[in-house]
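S.K.: Handing over work_23.txt, compact mmCIF, C-alpha atoms.
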```txt
# COMPACT_ATOMS: atom_id res chain seq x y z
CA MET A 22 -28.51 15.47 20.26
CA ARG A 23 -26.07 13.62 17.98
CA ARG A 24 -28.63 10.89 17.21
CA ALA A 25 -31.26 13.51 16.36
CA VAL A 26 -28.90 15.32 13.97
CA VAL A 27 -27.95 12.10 12.19
CA PHE A 28 -31.63 11.12 11.90
CA LEU A 29 -32.55 14.45 10.32
CA VAL A 30 -29.67 14.28 7.86
CA VAL A 31 -30.57 10.78 6.73
CA LEU A 32 -34.18 11.85 6.15
CA GLY A 33 -33.12 14.88 4.13
CA LEU A 34 -30.39 13.46 1.93
CA PRO A 35 -32.64 12.01 -0.79
CA LEU A 36 -34.33 15.41 -1.19
CA PHE A 37 -31.75 18.15 -0.83
CA SER A 38 -28.05 18.42 -0.24
CA GLY A 39 -25.67 21.27 0.14
CA ALA A 40 -22.26 22.62 -0.68
CA ALA A 41 -23.92 25.60 -2.18
CA GLU A 42 -22.69 26.90 -5.52
CA HIS A 43 -19.26 25.22 -5.67
CA GLY A 44 -17.90 27.61 -3.04
CA PRO A 45 -16.55 27.68 0.50
CA VAL A 46 -18.58 26.32 3.43
CA PHE A 47 -18.80 29.37 5.71
CA ALA A 48 -17.63 32.40 3.71
CA LEU A 49 -19.26 34.42 0.92
CA ALA A 50 -18.42 33.66 -2.72
CA THR A 51 -19.39 34.99 -6.17
CA PRO A 52 -20.71 31.95 -8.14
CA THR A 53 -24.38 31.86 -9.19
CA ASN A 54 -26.43 29.11 -10.83
CA SER A 55 -26.41 28.77 -14.60
CA GLN A 56 -29.58 29.74 -16.47
CA GLY A 57 -32.28 27.12 -15.91
CA GLU A 58 -30.18 25.32 -13.29
CA TRP A 59 -31.66 24.13 -10.00
CA SER A 60 -29.51 23.35 -6.98
CA PHE A 61 -30.73 21.40 -3.97
CA ASP A 62 -28.69 21.64 -0.81
CA GLU A 63 -28.63 20.18 2.65
CA GLY A 64 -26.09 20.87 5.33
CA VAL A 65 -25.55 20.45 9.05
CA PHE A 66 -23.99 23.52 10.68
CA GLY A 67 -22.97 23.20 14.32
CA ARG A 68 -21.82 25.53 17.08
CA ASN A 69 -20.19 24.18 20.24
CA THR A 70 -20.18 26.52 23.22
CA SER A 71 -19.26 26.50 26.89
CA LEU A 72 -22.92 25.68 27.71
CA GLY A 73 -23.51 22.98 25.10
CA SER A 74 -24.00 22.57 21.37
CA GLN A 75 -26.51 23.61 18.74
CA ALA A 76 -26.90 22.29 15.19
CA SER A 77 -28.91 23.70 12.31
CA VAL A 78 -30.03 21.27 9.59
CA ARG A 79 -30.44 23.61 6.63
CA GLU A 80 -32.21 22.82 3.39
CA LEU A 81 -31.72 25.25 0.51
CA MET A 82 -33.20 25.38 -2.98
CA ALA A 83 -31.93 27.78 -5.65
CA TYR A 84 -32.79 28.54 -9.28
CA GLY A 85 -30.83 30.45 -11.92
CA PHE A 86 -32.99 32.84 -13.96
CA THR A 87 -29.93 33.91 -15.98
CA PRO A 88 -26.25 32.92 -15.75
CA HIS A 89 -25.83 35.83 -13.30
CA LEU A 90 -29.13 35.99 -11.37
CA THR A 91 -30.12 33.35 -8.79
CA VAL A 92 -32.90 33.21 -6.21
CA SER A 93 -32.68 30.87 -3.22
CA PHE A 94 -34.87 29.76 -0.30
CA THR A 95 -33.64 28.34 3.00
CA LEU A 96 -35.52 26.14 5.48
CA PRO A 97 -33.77 25.32 8.79
CA VAL A 98 -34.43 22.91 11.65
CA VAL A 99 -32.48 23.50 14.88
CA VAL A 100 -31.39 20.81 17.33
CA GLY A 101 -30.21 21.83 20.79
CA ASN A 102 -31.25 24.30 23.50
CA THR A 103 -28.09 26.42 23.66
CA THR A 104 -28.49 30.13 22.86
CA PRO A 105 -25.29 31.35 21.16
CA PRO A 106 -24.87 34.91 19.80
CA PRO A 107 -26.91 35.98 16.75
CA THR A 108 -25.52 34.72 13.45
CA ARG A 109 -26.14 35.42 9.79
CA ILE A 110 -23.10 33.98 8.03
CA GLN A 111 -23.52 30.66 9.87
CA PRO A 112 -26.91 29.12 9.03
CA GLY A 113 -29.14 29.38 12.07
CA ASP A 114 -32.88 29.20 12.71
CA ASP A 115 -34.27 31.88 10.38
CA PHE A 116 -36.11 31.24 7.13
CA GLU A 117 -34.43 33.13 4.29
CA SER A 118 -34.98 34.19 0.70
CA THR A 119 -32.04 35.70 -1.18
CA LEU A 120 -31.51 37.17 -4.64
CA SER A 121 -27.91 36.97 -5.90
CA TRP A 122 -26.81 39.15 -8.84
CA ARG A 123 -23.35 38.63 -10.32
CA PHE A 124 -22.93 42.12 -11.77
CA GLN A 125 -19.29 41.72 -12.83
CA HIS A 126 -17.86 38.75 -14.71
CA ARG A 127 -14.59 39.47 -16.48
CA ALA A 128 -12.31 36.79 -17.91
CA THR A 129 -8.69 37.93 -18.16
CA LYS A 130 -7.28 34.73 -19.62
CA VAL A 131 -8.26 31.11 -20.13
CA GLY A 132 -9.47 29.68 -16.82
CA THR A 133 -9.20 32.94 -14.83
CA ARG A 134 -12.01 35.38 -14.08
CA PHE A 135 -12.74 38.33 -11.79
CA GLU A 136 -16.28 38.52 -10.41
CA SER A 137 -18.51 40.55 -8.10
CA THR A 138 -21.91 39.48 -6.74
CA ALA A 139 -24.49 41.53 -4.83
CA PHE A 140 -27.04 40.06 -2.42
CA ALA A 141 -30.46 41.22 -1.24
CA GLY A 142 -32.76 39.16 0.90
CA VAL A 143 -35.29 38.72 3.68
CA ALA A 144 -34.71 36.85 6.95
CA ALA A 145 -37.97 35.71 8.55
CA PRO A 146 -37.74 34.43 12.14
CA GLY A 147 -39.18 30.93 12.45
CA PRO A 148 -40.69 29.08 15.42
CA GLN A 149 -37.18 28.27 16.72
CA SER A 150 -35.74 31.78 16.30
CA GLY A 151 -36.22 32.97 19.89
CA PHE A 152 -33.46 33.87 22.36
CA ALA A 153 -34.86 32.30 25.52
CA GLY A 154 -33.29 33.56 28.71
CA ILE A 155 -31.78 36.61 26.99
CA ALA A 156 -34.61 38.74 25.62
CA HIS A 157 -38.11 38.57 24.22
CA THR A 158 -37.88 39.01 20.45
CA THR A 159 -40.28 39.97 17.73
CA ASN A 160 -40.94 37.83 14.67
CA VAL A 161 -40.77 40.83 12.31
CA PRO A 162 -38.57 39.94 9.29
CA GLY A 163 -35.24 41.61 8.65
CA THR A 164 -33.66 42.76 5.40
CA MET A 165 -30.18 41.85 4.18
CA PHE A 166 -27.85 43.51 1.66
CA GLY A 167 -24.28 42.62 0.78
CA VAL A 168 -21.57 42.23 -1.82
CA VAL A 169 -18.59 39.94 -2.49
CA SER A 170 -15.78 40.23 -5.03
CA GLY A 171 -12.90 38.01 -5.98
CA MET A 172 -10.90 35.99 -8.44
CA ALA A 173 -11.23 32.37 -9.50
CA SER A 174 -8.81 30.37 -11.63
CA ARG A 175 -8.06 26.71 -12.23
CA SER A 176 -5.85 26.56 -9.15
CA ASN A 177 -6.49 29.62 -6.94
CA TYR A 178 -9.57 31.33 -5.49
CA VAL A 179 -9.84 34.55 -3.45
CA TRP A 180 -13.09 36.16 -2.24
CA LEU A 181 -13.72 39.13 0.07
CA GLY A 182 -17.28 40.06 1.06
CA SER A 183 -19.70 41.42 3.63
CA THR A 184 -23.45 41.55 4.34
CA TYR A 185 -25.55 43.62 6.73
CA THR A 186 -28.88 42.43 8.14
CA LYS A 187 -31.26 44.99 9.64
CA PHE A 188 -34.07 43.90 11.98
CA TYR A 189 -37.00 46.18 12.77
CA GLU A 190 -38.78 47.20 15.95
CA HIS A 191 -42.24 45.96 16.91
CA ASN A 192 -44.01 46.84 20.18
CA GLY A 193 -40.72 48.06 21.62
CA ASP A 194 -38.80 44.83 20.86
CA ARG A 195 -36.05 44.43 18.27
CA ARG A 196 -33.45 41.84 17.41
CA PRO A 197 -29.84 42.98 16.95
CA ASP A 198 -28.61 44.05 13.54
CA VAL A 199 -25.76 41.86 12.29
CA LEU A 200 -22.74 42.81 10.20
CA ASP A 201 -20.75 39.89 8.84
CA TYR A 202 -17.62 39.77 6.71
CA SER A 203 -15.43 37.07 5.24
CA LEU A 204 -12.15 36.43 3.45
CA VAL A 205 -11.39 33.10 1.78
CA TYR A 206 -8.47 31.63 -0.14
CA GLY A 207 -8.84 28.39 -2.08
CA TYR A 208 -6.25 26.14 -3.68
CA ARG A 209 -6.74 23.32 -6.19
CA PRO A 210 -3.51 21.35 -6.72
CA LEU A 211 -2.68 20.24 -10.25
CA LYS A 212 -2.86 16.57 -9.26
CA TRP A 213 -6.39 17.09 -7.92
CA ARG A 214 -7.82 18.40 -11.20
CA ARG A 215 -9.85 15.46 -12.40
CA PRO A 216 -12.44 14.81 -15.16
CA PRO A 217 -16.16 14.85 -14.26
CA ASP A 218 -16.25 11.07 -13.75
CA LYS A 219 -13.75 11.37 -10.86
CA TRP A 220 -13.78 13.38 -7.64
CA ASP A 221 -12.27 16.85 -8.11
CA TRP A 222 -11.09 18.41 -4.81
CA ARG A 223 -9.98 21.83 -3.57
CA LEU A 224 -9.01 23.25 -0.16
CA PHE A 225 -10.04 26.55 1.42
CA GLY A 226 -8.85 28.68 4.31
CA GLU A 227 -11.85 30.70 5.55
CA LEU A 228 -11.90 33.74 7.84
CA VAL A 229 -15.34 34.99 8.92
CA GLY A 230 -16.45 37.64 11.39
CA GLU A 231 -19.79 38.71 12.86
CA ARG A 232 -20.67 41.80 14.85
CA SER A 233 -24.11 42.41 16.37
CA ASN A 234 -25.46 45.21 18.55
CA ARG A 235 -27.67 44.84 21.62
CA PHE A 236 -31.23 43.53 21.88
CA GLN A 237 -34.05 45.96 22.54
CA GLN A 238 -36.93 44.96 24.80
CA ALA A 239 -39.85 47.19 25.85
CA ASN A 240 -38.03 50.16 24.28
CA ALA A 241 -34.98 49.58 26.48
CA THR A 242 -31.57 48.26 25.48
CA VAL A 243 -30.74 44.88 27.03
CA ALA A 244 -27.33 45.03 28.69
CA ASN A 245 -24.50 42.61 27.88
CA THR A 246 -26.05 41.31 24.64
CA GLN A 247 -23.53 42.70 22.16
CA ALA A 248 -21.20 40.32 20.31
CA HIS A 249 -18.22 40.40 17.97
CA GLN A 250 -16.47 37.19 16.93
CA VAL A 251 -13.92 36.19 14.30
CA PHE A 252 -13.37 32.56 13.24
CA LEU A 253 -10.70 30.90 11.10
CA GLY A 254 -10.42 27.36 9.81
CA PRO A 255 -9.87 24.91 6.93
CA THR A 256 -12.54 23.44 4.65
CA ALA A 257 -12.61 21.13 1.63
CA LEU A 258 -14.87 20.81 -1.41
CA GLY A 259 -15.23 17.80 -3.72
CA ILE A 260 -17.18 17.68 -7.01
CA PHE A 261 -18.32 14.55 -8.83
CA HIS A 262 -20.66 14.86 -11.85
CA ASN A 263 -23.63 16.87 -10.52
CA TYR A 264 -22.85 16.18 -6.87
CA THR A 265 -20.70 18.06 -4.38
CA VAL A 266 -19.66 17.50 -0.79
CA SER A 267 -17.92 19.98 1.49
CA PHE A 268 -16.94 20.01 5.14
CA GLY A 269 -14.79 21.91 7.58
CA ALA A 270 -14.37 23.51 10.99
CA GLN A 271 -13.60 26.96 12.34
CA PHE A 272 -12.07 28.12 15.61
CA PRO A 273 -12.31 31.53 17.31
CA VAL A 274 -9.37 33.92 16.89
CA TYR A 275 -11.17 36.91 18.46
CA GLN A 276 -14.15 37.08 20.83
CA ASP A 277 -15.76 40.08 22.52
CA LEU A 278 -19.09 38.88 23.93
CA GLY A 279 -21.57 40.27 26.37
CA THR A 280 -21.98 38.11 29.45
CA ALA A 281 -25.45 37.02 28.29
CA PHE A 282 -23.86 34.66 25.74
CA PRO A 283 -21.67 31.57 26.14
CA LYS A 284 -18.34 31.54 24.34
CA GLU A 285 -18.12 29.41 21.21
CA HIS A 286 -15.34 26.82 21.02
CA VAL A 287 -15.76 25.58 17.45
CA ARG A 288 -18.06 25.77 14.44
CA PHE A 289 -18.37 22.84 12.05
CA ALA A 290 -20.25 22.00 8.87
CA VAL A 291 -20.96 19.14 6.47
CA ASN A 292 -22.75 19.96 3.19
CA PHE A 293 -24.09 17.96 0.26
CA SER A 294 -25.55 19.27 -3.00
CA TYR A 295 -27.16 18.14 -6.22
CA LEU A 296 -27.19 20.31 -9.36
CA LEU A 297 -30.01 19.78 -11.85
CA PHE A 298 -29.15 21.11 -15.32
CA GLN A 299 -31.78 21.89 -17.95
CA HIS A 300 -31.57 22.32 -21.73
CA GLY A 301 -27.99 21.14 -21.80
CA ASN A 302 -26.68 23.89 -19.51
CA SER A 303 -23.58 23.21 -17.45
CA HIS A 304 -20.79 25.12 -15.75
```
With the file now loaded, output its structure as structure tokens.

M.R.:
Amino acid sequence: MRRAVVFLVVLGLPLFSGAAEHGPVFALATPTNSQGEWSFDEGVFGRNTSLGSQASVRELMAYGFTPHLTVSFTLPVVVGNTTPPPTRIQPGDDFESTLSWRFQHRATKVGTRFESTAFAGVAAPGPQSGFAGIAHTTNVPGTMFGVVSGMASRSNYVWLGSTYTKFYEHNGDRRPDVLDYSLVYGYRPLKWRRPPDKWDWRLFGELVGERSNRFQQANATVANTQAHQVFLGPTALGIFHNYTVSFGAQFPVYQDLGTAFPKEHVRFAVNFSYLLFQHGNSH
């Protein structure tokens, strides 16, 4: 599995990379692309469980229509045969399209701003989106809505957010709905504030939670398929010119899983991104 993940990453790096939107790795954040700005992302997001590991190689492309409105598309490839609980905040095996609208952007002083961003999107199950051994699932898309608010300054960042993804029934089958939530604090030490020609780093502490209800199959609820997990861990983000890199790991602090799922031991991620500015736009 490790060789396959490395091979996929090497193939994808020249095209896309991903520490999306200058934010944390796992949690929700408010930033959107500048007007006319493209961002190309690639990341490897892994989940290690008591029955093995799974990794999602995610490629994401986003475009800023205005300084506060961004649309993005996600294409995943999954490596591994483990079937962990449903996830939405951790990139998995669904194809996604999301519209992000930063509806509040208020600067209180130089370098400090309060922001709120709303999300709406579609999650379309791909060829690897099944839950083999647990339940037969439909490929009917789901809809996602959410919001995140917070504060960003030159040295401190705080974001609190949540999204809800609803999946729909088809021929008596339905995937679980998923509620996720996150809280993140970021810190950028004074000594780490560097000009664009040098790496500029910041650290984050990220808390994320996911709660999903049970599967439905042939109009009957599938027992022991509910899940609620909370993860906490450190991450780091570095920015250099138009490039970013971020990485981190998270560990469970609360787990209430149905017996159909293996327990997760750790989640990890490595992201790369490239920002393509147009008409002189920059952050």

S.K.: CA of Asp194 in chain A and CA of Thr280 in chain A are how many Å apart?

M.R.: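 A separation of 20.0 Å between them.
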
S.K.: Which residue out of A:Leu90, A:Ala257, A:Val291, A:Val98 has the minimum interatomic distance to Val78 in chain A when all atoms listed in the file are used?

M.R.: A:Val98

S.K.: Compute the distance from (-26.6, 33.2, 10.3) to each atom, counting all atoms listed in the file, keep the residues with any atom at most 12 Å away, and return them as a PDB file with C-alpha atoms, keeping the file's coordinate frame; use the coordinates of the file.

M.R.:
```pdb
ATOM      1  CA  PHE A  47     -18.800  29.370   5.710  1.00  0.00           C
ATOM      2  CA  ALA A  48     -17.630  32.400   3.710  1.00  0.00           C
ATOM      3  CA  LEU A  49     -19.260  34.420   0.920  1.00  0.00           C
ATOM      4  CA  PHE A  66     -23.990  23.520  10.680  1.00  0.00           C
ATOM      5  CA  GLY A  67     -22.970  23.200  14.320  1.00  0.00           C
ATOM      6  CA  ARG A  68     -21.820  25.530  17.080  1.00  0.00           C
ATOM      7  CA  ALA A  76     -26.900  22.290  15.190  1.00  0.00           C
ATOM      8  CA  SER A  77     -28.910  23.700  12.310  1.00  0.00           C
ATOM      9  CA  ARG A  79     -30.440  23.610   6.630  1.00  0.00           C
ATOM     10  CA  THR A  95     -33.640  28.340   3.000  1.00  0.00           C
ATOM     11  CA  PRO A  97     -33.770  25.320   8.790  1.00  0.00           C
ATOM     12  CA  PRO A 105     -25.290  31.350  21.160  1.00  0.00           C
ATOM     13  CA  PRO A 106     -24.870  34.910  19.800  1.00  0.00           C
ATOM     14  CA  PRO A 107     -26.910  35.980  16.750  1.00  0.00           C
ATOM     15  CA  THR A 108     -25.520  34.720  13.450  1.00  0.00           C
ATOM     16  CA  ARG A 109     -26.140  35.420   9.790  1.00  0.00           C
ATOM     17  CA  ILE A 110     -23.100  33.980   8.030  1.00  0.00           C
ATOM     18  CA  GLN A 111     -23.520  30.660   9.870  1.00  0.00           C
ATOM     19  CA  PRO A 112     -26.910  29.120   9.030  1.00  0.00           C
ATOM     20  CA  GLY A 113     -29.140  29.380  12.070  1.00  0.00           C
ATOM     21  CA  ASP A 114     -32.880  29.200  12.710  1.00  0.00           C
ATOM     22  CA  ASP A 115     -34.270  31.880  10.380  1.00  0.00           C
ATOM     23  CA  PHE A 116     -36.110  31.240   7.130  1.00  0.00           C
ATOM     24  CA  GLU A 117     -34.430  33.130   4.290  1.00  0.00           C
ATOM     25  CA  ALA A 144     -34.710  36.850   6.950  1.00  0.00           C
ATOM     26  CA  ALA A 145     -37.970  35.710   8.550  1.00  0.00           C
ATOM     27  CA  PRO A 146     -37.740  34.430  12.140  1.00  0.00           C
ATOM     28  CA  SER A 150     -35.740  31.780  16.300  1.00  0.00           C
ATOM     29  CA  MET A 165     -30.180  41.850   4.180  1.00  0.00           C
ATOM     30  CA  THR A 184     -23.450  41.550   4.340  1.00  0.00           C
ATOM     31  CA  TYR A 185     -25.550  43.620   6.730  1.00  0.00           C
ATOM     32  CA  THR A 186     -28.880  42.430   8.140  1.00  0.00           C
ATOM     33  CA  ASP A 198     -28.610  44.050  13.540  1.00  0.00           C
ATOM     34  CA  VAL A 199     -25.760  41.860  12.290  1.00  0.00           C
ATOM     35  CA  LEU A 200     -22.740  42.810  10.200  1.00  0.00           C
ATOM     36  CA  ASP A 201     -20.750  39.890   8.840  1.00  0.00           C
ATOM     37  CA  TYR A 202     -17.620  39.770   6.710  1.00  0.00           C
ATOM     38  CA  VAL A 229     -15.340  34.990   8.920  1.00  0.00           C
ATOM     39  CA  GLY A 230     -16.450  37.640  11.390  1.00  0.00           C
ATOM     40  CA  GLU A 231     -19.790  38.710  12.860  1.00  0.00           C
ATOM     41  CA  ARG A 232     -20.670  41.800  14.850  1.00  0.00           C
ATOM     42  CA  SER A 233     -24.110  42.410  16.370  1.00  0.00           C
TER      43      SER A 233
END
```

S.K.: Could you build a table of the residues in range 99-203 of chain A lying no more than 9 Å from range 239-253 of chain A, giving for each the nearest pair of atoms and their separation in Å rounded to one decimal place, using only C-alpha atoms, ordered by chain and ascending residue number, as a Markdown table?

M.R.:
```
| residue | atom | partner | partner_atom | distance |
| --- | --- | --- | --- | --- |
| A:Pro106 | CA | A:Ala248 | CA | 6.6 |
| A:Pro107 | CA | A:Ala248 | CA | 8.0 |
| A:Ile155 | CA | A:Thr246 | CA | 7.8 |
| A:Ala156 | CA | A:Val243 | CA | 7.4 |
| A:His157 | CA | A:Ala239 | CA | 8.9 |
| A:Glu190 | CA | A:Asn240 | CA | 8.9 |
| A:Asn192 | CA | A:Ala239 | CA | 7.0 |
| A:Gly193 | CA | A:Asn240 | CA | 4.3 |
| A:Asp194 | CA | A:Ala239 | CA | 5.6 |
| A:Arg195 | CA | A:Asn240 | CA | 8.5 |
| A:Pro197 | CA | A:Gln247 | CA | 8.2 |
```

S.K.: If you keep C-alpha atoms, can you produce a file of those selected residues as a CSV table (one decimal), in the coordinates of the input?

M.R.:
```csv
chain,number,residue,atom,x,y,z
A,106,PRO,CA,-24.9,34.9,19.8
A,107,PRO,CA,-26.9,36.0,16.8
A,155,ILE,CA,-31.8,36.6,27.0
A,156,ALA,CA,-34.6,38.7,25.6
A,157,HIS,CA,-38.1,38.6,24.2
A,190,GLU,CA,-38.8,47.2,16.0
A,192,ASN,CA,-44.0,46.8,20.2
A,193,GLY,CA,-40.7,48.1,21.6
A,194,ASP,CA,-38.8,44.8,20.9
A,195,ARG,CA,-36.0,44.4,18.3
A,197,PRO,CA,-29.8,43.0,17.0
```

S.K.: I'd like the contact shell of Lys130 in chain A - 12 Å cut-off, only C-alpha atoms, skipping same-chain residues fewer than 5 positions apart - returned as number ranges by chain.

M.R.: A: 135, 172-175

S.K.: Please return, as a PDB file with C-alpha atoms, keeping the file's coordinate frame, all polymer residues that have at least one atom within 12 Å of the point (-22.8, 22.6, -1.6); use all atoms listed in the file and the file's own coordinate frame.

M.R.:
```pdb
ATOM      1  CA  PHE A  37     -31.750  18.150  -0.830  1.00  0.00           C
ATOM      2  CA  SER A  38     -28.050  18.420  -0.240  1.00  0.00           C
ATOM      3  CA  GLY A  39     -25.670  21.270   0.140  1.00  0.00           C
ATOM      4  CA  ALA A  40     -22.260  22.620  -0.680  1.00  0.00           C
ATOM      5  CA  ALA A  41     -23.920  25.600  -2.180  1.00  0.00           C
ATOM      6  CA  GLU A  42     -22.690  26.900  -5.520  1.00  0.00           C
ATOM      7  CA  HIS A  43     -19.260  25.220  -5.670  1.00  0.00           C
ATOM      8  CA  GLY A  44     -17.900  27.610  -3.040  1.00  0.00           C
ATOM      9  CA  PRO A  45     -16.550  27.680   0.500  1.00  0.00           C
ATOM     10  CA  VAL A  46     -18.580  26.320   3.430  1.00  0.00           C
ATOM     11  CA  PHE A  47     -18.800  29.370   5.710  1.00  0.00           C
ATOM     12  CA  ALA A  50     -18.420  33.660  -2.720  1.00  0.00           C
ATOM     13  CA  PRO A  52     -20.710  31.950  -8.140  1.00  0.00           C
ATOM     14  CA  ASN A  54     -26.430  29.110 -10.830  1.00  0.00           C
ATOM     15  CA  SER A  60     -29.510  23.350  -6.980  1.00  0.00           C
ATOM     16  CA  PHE A  61     -30.730  21.400  -3.970  1.00  0.00           C
ATOM     17  CA  ASP A  62     -28.690  21.640  -0.810  1.00  0.00           C
ATOM     18  CA  GLU A  63     -28.630  20.180   2.650  1.00  0.00           C
ATOM     19  CA  GLY A  64     -26.090  20.870   5.330  1.00  0.00           C
ATOM     20  CA  VAL A  65     -25.550  20.450   9.050  1.00  0.00           C
ATOM     21  CA  ARG A  79     -30.440  23.610   6.630  1.00  0.00           C
ATOM     22  CA  GLU A  80     -32.210  22.820   3.390  1.00  0.00           C
ATOM     23  CA  LEU A  81     -31.720  25.250   0.510  1.00  0.00           C
ATOM     24  CA  MET A  82     -33.200  25.380  -2.980  1.00  0.00           C
ATOM     25  CA  ALA A  83     -31.930  27.780  -5.650  1.00  0.00           C
ATOM     26  CA  ALA A 257     -12.610  21.130   1.630  1.00  0.00           C
ATOM     27  CA  LEU A 258     -14.870  20.810  -1.410  1.00  0.00           C
ATOM     28  CA  GLY A 259     -15.230  17.800  -3.720  1.00  0.00           C
ATOM     29  CA  ILE A 260     -17.180  17.680  -7.010  1.00  0.00           C
ATOM     30  CA  PHE A 261     -18.320  14.550  -8.830  1.00  0.00           C
ATOM     31  CA  ASN A 263     -23.630  16.870 -10.520  1.00  0.00           C
ATOM     32  CA  TYR A 264     -22.850  16.180  -6.870  1.00  0.00           C
ATOM     33  CA  THR A 265     -20.700  18.060  -4.380  1.00  0.00           C
ATOM     34  CA  VAL A 266     -19.660  17.500  -0.790  1.00  0.00           C
ATOM     35  CA  SER A 267     -17.920  19.980   1.490  1.00  0.00           C
ATOM     36  CA  PHE A 268     -16.940  20.010   5.140  1.00  0.00           C
ATOM     37  CA  ALA A 290     -20.250  22.000   8.870  1.00  0.00           C
ATOM     38  CA  VAL A 291     -20.960  19.140   6.470  1.00  0.00           C
ATOM     39  CA  ASN A 292     -22.750  19.960   3.190  1.00  0.00           C
ATOM     40  CA  PHE A 293     -24.090  17.960   0.260  1.00  0.00           C
ATOM     41  CA  SER A 294     -25.550  19.270  -3.000  1.00  0.00           C
ATOM     42  CA  TYR A 295     -27.160  18.140  -6.220  1.00  0.00           C
ATOM     43  CA  LEU A 296     -27.190  20.310  -9.360  1.00  0.00           C
TER      44      LEU A 296
END
```

S.K.: Using the atoms already present, construct N, CA and C atoms for range 274-288 of chain A and hand them back as a PDB file, in the coordinates of the input.

M.R.:
```
ATOM      1  N   VAL A 274     -10.651  33.205  16.756  1.00  0.00           N
ATOM      2  CA  VAL A 274      -9.370  33.920  16.890  1.00  0.00           C
ATOM      3  C   VAL A 274      -9.586  35.254  17.582  1.00  0.00           C
ATOM      4  N   TYR A 275     -10.845  35.677  17.723  1.00  0.00           N
ATOM      5  CA  TYR A 275     -11.170  36.910  18.460  1.00  0.00           C
ATOM      6  C   TYR A 275     -12.597  36.789  18.959  1.00  0.00           C
ATOM      7  N   GLN A 276     -12.812  37.122  20.242  1.00  0.00           N
ATOM      8  CA  GLN A 276     -14.150  37.080  20.830  1.00  0.00           C
ATOM      9  C   GLN A 276     -14.323  38.231  21.810  1.00  0.00           C
ATOM     10  N   ASP A 277     -15.377  39.007  21.610  1.00  0.00           N
ATOM     11  CA  ASP A 277     -15.760  40.080  22.520  1.00  0.00           C
ATOM     12  C   ASP A 277     -17.263  39.976  22.709  1.00  0.00           C
ATOM     13  N   LEU A 278     -17.676  39.213  23.718  1.00  0.00           N
ATOM     14  CA  LEU A 278     -19.090  38.880  23.930  1.00  0.00           C
ATOM     15  C   LEU A 278     -19.621  39.498  25.207  1.00  0.00           C
ATOM     16  N   GLY A 279     -20.890  39.918  25.146  1.00  0.00           N
ATOM     17  CA  GLY A 279     -21.570  40.270  26.370  1.00  0.00           C
ATOM     18  C   GLY A 279     -21.758  39.047  27.238  1.00  0.00           C
ATOM     19  N   THR A 280     -21.900  39.245  28.519  1.00  0.00           N
ATOM     20  CA  THR A 280     -21.980  38.110  29.450  1.00  0.00           C
ATOM     21  C   THR A 280     -23.263  37.301  29.289  1.00  0.00           C
ATOM     22  N   ALA A 281     -24.215  37.775  28.506  1.00  0.00           N
ATOM     23  CA  ALA A 281     -25.450  37.020  28.290  1.00  0.00           C
ATOM     24  C   ALA A 281     -25.224  35.784  27.427  1.00  0.00           C
ATOM     25  N   PHE A 282     -24.099  35.755  26.679  1.00  0.00           N
ATOM     26  CA  PHE A 282     -23.860  34.660  25.740  1.00  0.00           C
ATOM     27  C   PHE A 282     -22.714  33.764  26.190  1.00  0.00           C
ATOM     28  N   PRO A 283     -22.804  32.469  25.899  1.00  0.00           N
ATOM     29  CA  PRO A 283     -21.670  31.570  26.140  1.00  0.00           C
ATOM     30  C   PRO A 283     -20.632  31.735  25.031  1.00  0.00           C
ATOM     31  N   LYS A 284     -19.405  31.471  25.343  1.00  0.00           N
ATOM     32  CA  LYS A 284     -18.340  31.540  24.340  1.00  0.00           C
ATOM     33  C   LYS A 284     -18.372  30.305  23.444  1.00  0.00           C
ATOM     34  N   GLU A 285     -18.178  30.521  22.160  1.00  0.00           N
ATOM     35  CA  GLU A 285     -18.120  29.410  21.210  1.00  0.00           C
ATOM     36  C   GLU A 285     -16.709  28.850  21.154  1.00  0.00           C
ATOM     37  N   HIS A 286     -16.624  27.508  21.099  1.00  0.00           N
ATOM     38  CA  HIS A 286     -15.340  26.820  21.020  1.00  0.00           C
ATOM     39  C   HIS A 286     -14.991  26.432  19.588  1.00  0.00           C
ATOM     40  N   VAL A 287     -16.003  26.034  18.822  1.00  0.00           N
ATOM     41  CA  VAL A 287     -15.760  25.580  17.450  1.00  0.00           C
ATOM     42  C   VAL A 287     -17.062  25.643  16.670  1.00  0.00           C
ATOM     43  N   ARG A 288     -16.944  25.898  15.367  1.00  0.00           N
ATOM     44  CA  ARG A 288     -18.060  25.770  14.440  1.00  0.00           C
ATOM     45  C   ARG A 288     -17.681  24.702  13.417  1.00  0.00           C
TER      46      ARG A 288
END
```
